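Notes follow the structure.
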Amino acid sequence: MIDPVAKFPSELDQLPDRDTEETAEWAASLDAVAKAAGPHRAAYLMRRTLQHAEGAGLALPKLLETDYVNTIPSSSEPVIDGDEEMERRITAWNRWNAAAMVTRGSKHGVGGHIATFASAAWLYETGFNHFFRGKEGDGSGDQLYIQGHASPGIYARAFLDGRLTEAHLDKFRQESAGDGLPSYPHPRRLPWLWEFPTVSMGLGPLSAIYQARFNRYLTNRNIKDVSNSHVWAFLGDGEMDEPESTAALALASREGLDNLTFVINCNLQRLDGPVRANFKIVQELEAQFRGAGWNVVKSLWGGAWDELFQLDTTGALVRRLREVPDAQVQTYQTRDAAYIREDFFGKDPALVEMAKLLSDDKILECFHLSRGGHEPRKVYAAYKAALSHKGAPTVILAQTVKGFTLGDGFASKNANHQMKKLTNDEFKNMRDLLELPISDAQFVDGVVPYGHPGADSPEVRYLQERRAALGGPAPARRSHAIAPLPAPADKSFAAFDKGSGHQSMATTMAFVRLMKDLIRDKTTGKRWVPIVPDEARTFGMESLFPSLGIYSPKGQTYEPVDRDQLMYYREAKDGQILNEGITEAGSMADFIAASSAYATHGEAMIPFYIFYSMFGWQRTADQMWQLGDQLGRGFLVGATAGRTTLTGEGLQHADGHSPMIAATNPAAMSYDPAFAYEVAAIVKDGLRRMYGEAAPGEDQNVFYYLTVYNEPMPQPAKPAGIDEGIVKGLYRFNTAESAGVTVPSPKLSASLEQGGAPIAPRIQLLGSGTAIHWTLEAQKLLAEEWGVAADVWSATSWTELRRDALEADAALLRGEERTPFIRTALEGVDSPVLAVSDYMRQVPDQIAQWVEQDYSSLGADGFGLSDTREAARRHFGVDAQSIVVAALAQLAKRGEVPVTAVKEARERYGL
């Protein structure tokens, strides 16, 4: 007998054993079973005991894996509420048209994917026929995250129900004329159909989790009751390798998101070959999801396997299924019965005897065709189980064959992801297999025809009736007729117009103060969604904790350690703040869900997500593209921005490039404000454009990116008449004369050498963000020490200036005359321009080709470093003294100051 305590020390050793004799008897019984009936029988009894204990409500750890069989036995499958034969015919038409569309498109070289939808067709069709709620009821319906490579099947269904025509299908992946179909789910390209962009693998599952969570947030905050909405995410087993795919599993279970179901198409193949060639991806995923607290439903084998499982009186079949690696299962799909008899059944005497009872046809039916994901009854049972499970999200692991019904040339082939077309003979074989009424004569000039039973056919009527009962077409995106949100009171924005006097204020704090005022607005305040990745105190937002509350579906079940303090940590079920912990990706997923609530739920929400600027675009730029594709609206705020403002943090915290990355995203309105009143003006204009009355021609489906700084500086009063310049990207903050600097010394005046009256050389200094303060200091040094007059301009957005100029160039190509704003702003200036930024020079250089004056720039190129702000700025050559030297050098090239002045300045400042 095994002594469990002596041989297997564990955490149980620390617990009191009230009856050591009874414990020994249990261990002896297990030993006896293992000796008499074998270890498999002993393991079975242990698992049965654990299952019974769980059912009895005993708190025991759950098993992370179950056998490689269906979770729901055939005897427990519910009856499908519908006409199975009719649904088979509908699915057959959709399979055909999906393959025909991609094959026809391949003649134009546009490609496409066939094999993914072929494997997943029943996973979608069962949902469309029985489960997925449309938006014609409460305006929300269910949220469907469609696997990107399955898009041809979704288009095929929309063609069958009349939402698309043959002309549309023939424009698959041909969008330039304006009426084509995008390759994948792209809401920006096809906004009436697609809700969520999903083809950037890993982002779909992450976003689905946060969408389900945001649905609860809306309900708990009494914005809108969306408790009937269910989020369905269709994923590939290969996609689950992406870190983002599983990054938030614990969040979903921790918050009990039973409004969420993952459907993972386990066809065992990724793009180049098997997902887990030497292992079993289903078992791995089961353990991962169970360990994270999810309900797991496996639908692996079709009904043809029932006979085999009934013959398995020893458990040999189940053991063999569990030990065969995935790549070998894929191989069985392509081999004959003799091979399968030898390689699969021949490994165990009990299986050899079982195989003798099976015909070759039966073996091929099981190993070639019969998978849980290919049978609507199995899928229906899994979906029913998912919806009925409460308290945790569900993942359905459905085994399929990639390329199913496409013929032997496709099914389970490693290369099938890249195979874009079928031959006509393969189509005819597929037609016969699917029993479709398509004649050989319809293949005109060798072109595969589309198939349609007719607009008034029983199939189409059935499809439309099912969808009507479920609330309308799906997938579908609705642009709800939402009334513009009323503008907040001007006093919230005007509060910054007077400046801060002698008090210093960082623009980060100015933004937070503005948000506090806007959130207090009685009309729109509740629609703000503050999102913070565990850095609220860094950004001075802790004062919002007690007033707004931090969202938690459980409220606050403890007494916070700082309860006796004014700004204590308060969680609440109706809390407004989303404090996500240390996850920029999760925070961005929050932002995306909130930013598109106007379409998903018909509720305009105003998210603002504030983060370390370095950990925004650099870390989650792919999600920013997803945000733009999803037509999201809101404010992204890169705080502690710039390469030199965050002292002591070092290379990985020093952001010198986020505006450059933001400039690549057409939906991002990117601003680098210098002063508090600029922040207020930009936010005000953003609210008008995104949520109010947009001007004619303005795209409302944009989002704003603002960089703000943690460097306290005196905030000046707002000059008059500059609002247009703030929004468009540039205005003159002051001139040398209006700044009241010392009258220039004539010693550097080039006019003296020519015998004329002394004229001070002049230069234009364009600064953005925190760099404006160095330019103002340089303005004073240039005047007082070098006799050079400098005008200072605030460049709130290099990117918007560039975009405006590009639009002017495009207008010229159309024969229209239009002057870029940058030229209009600098009109009449005959002195050189020096642009200064706390970012790499590429950021201000975006406008260089449209500046008619002599142009040069300074920026913080290279890696960041840890030091004081002053030392960092000297290192990168962007401090006030470096600006002076650069200005003198630019003037010296024009002959307006002596070249020797540049050397003299460098020596004076120790550069």
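Order determines the names: the first chain of the structure tokens is A, the second B, and so forth; residues in each chain are numbered 1 upward, and ligands are numbered 1 upward as they are shown.
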Residues of segment 139-170 of chain A that have any atom at most 9 Å from an atom of segment 87-106 of chain A: could you tabulate them with the shortest-distance atom pair and the distance in Å to one decimal, using only C-alpha atoms, ordered by chain and increasing number, as a tab-separated table?
```
residue	atom	partner	partner_atom	distance
A:Ala150	CA	A:Ala98	CA	9.0
A:Ser151	CA	A:Ala98	CA	8.5
A:Pro152	CA	A:Ala98	CA	4.8
A:Gly153	CA	A:Ala98	CA	5.0
A:Ile154	CA	A:Ala98	CA	8.1
A:Tyr155	CA	A:Ala98	CA	7.3
A:Ala156	CA	A:Asn94	CA	5.1
A:Arg157	CA	A:Asn94	CA	5.7
A:Phe159	CA	A:Asn97	CA	8.6
A:Leu160	CA	A:Asn94	CA	7.4
A:Leu169	CA	A:Met101	CA	5.9
A:Asp170	CA	A:Met101	CA	6.6
```
Legend entry - Backbone DSSP call of alpha helix (DSSP H) for segment 386-491 of chain A, listed as number ranges by chain: A: 386-388, 424-434, 458-469, 490-491
Inset, instruction - Counting only C-alpha atoms, figure out which residue out of A:Glu242, A:Asp867, A:Asp854, A:Glu678 gets nearest to Leu651 of chain A. - result: A:Asp867
Legend entry - Residues within 8 Å of Leu144 of chain A, only C-alpha atoms, excluding chain neighbours under 2 positions, as a PyMOL selection string: chain A and resi 132+142+146+195-196+231-234+475
Suppose we keep N, CA and C atoms; can you now write the selection as a PDB file, in the first residue's frame?
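Output file selection.pdb follows:
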```pdb
ATOM      1  N   PHE A 132     -28.408  33.757 -32.788  1.00  0.00           N
ATOM      2  CA  PHE A 132     -27.888  35.115 -32.857  1.00  0.00           C
ATOM      3  C   PHE A 132     -29.020  36.125 -32.980  1.00  0.00           C
ATOM      4  N   ASP A 142     -27.278  40.685 -30.375  1.00  0.00           N
ATOM      5  CA  ASP A 142     -26.030  40.048 -29.985  1.00  0.00           C
ATOM      6  C   ASP A 142     -24.870  40.694 -30.728  1.00  0.00           C
ATOM      7  N   ILE A 146     -16.848  37.746 -35.993  1.00  0.00           N
ATOM      8  CA  ILE A 146     -16.704  36.744 -37.038  1.00  0.00           C
ATOM      9  C   ILE A 146     -15.224  36.538 -37.344  1.00  0.00           C
ATOM     10  N   GLU A 195     -19.745  44.847 -37.804  1.00  0.00           N
ATOM     11  CA  GLU A 195     -19.649  45.636 -36.562  1.00  0.00           C
ATOM     12  C   GLU A 195     -18.234  45.685 -36.016  1.00  0.00           C
ATOM     13  N   PHE A 196     -17.509  44.566 -36.147  1.00  0.00           N
ATOM     14  CA  PHE A 196     -16.222  44.450 -35.468  1.00  0.00           C
ATOM     15  C   PHE A 196     -15.149  43.943 -36.430  1.00  0.00           C
ATOM     16  N   VAL A 231     -22.463  38.020 -26.399  1.00  0.00           N
ATOM     17  CA  VAL A 231     -21.295  38.214 -27.248  1.00  0.00           C
ATOM     18  C   VAL A 231     -20.781  36.852 -27.697  1.00  0.00           C
ATOM     19  N   TRP A 232     -20.691  36.666 -29.015  1.00  0.00           N
ATOM     20  CA  TRP A 232     -20.187  35.420 -29.604  1.00  0.00           C
ATOM     21  C   TRP A 232     -18.892  35.727 -30.342  1.00  0.00           C
ATOM     22  N   ALA A 233     -17.826  35.056 -29.974  1.00  0.00           N
ATOM     23  CA  ALA A 233     -16.542  35.261 -30.642  1.00  0.00           C
ATOM     24  C   ALA A 233     -16.139  33.976 -31.346  1.00  0.00           C
ATOM     25  N   PHE A 234     -16.006  34.040 -32.665  1.00  0.00           N
ATOM     26  CA  PHE A 234     -15.610  32.880 -33.458  1.00  0.00           C
ATOM     27  C   PHE A 234     -14.124  32.977 -33.762  1.00  0.00           C
ATOM     28  N   PRO A 475     -24.866  39.196 -39.559  1.00  0.00           N
ATOM     29  CA  PRO A 475     -24.448  40.369 -38.793  1.00  0.00           C
ATOM     30  C   PRO A 475     -24.990  41.642 -39.420  1.00  0.00           C
TER      31      PRO A 475
END
```
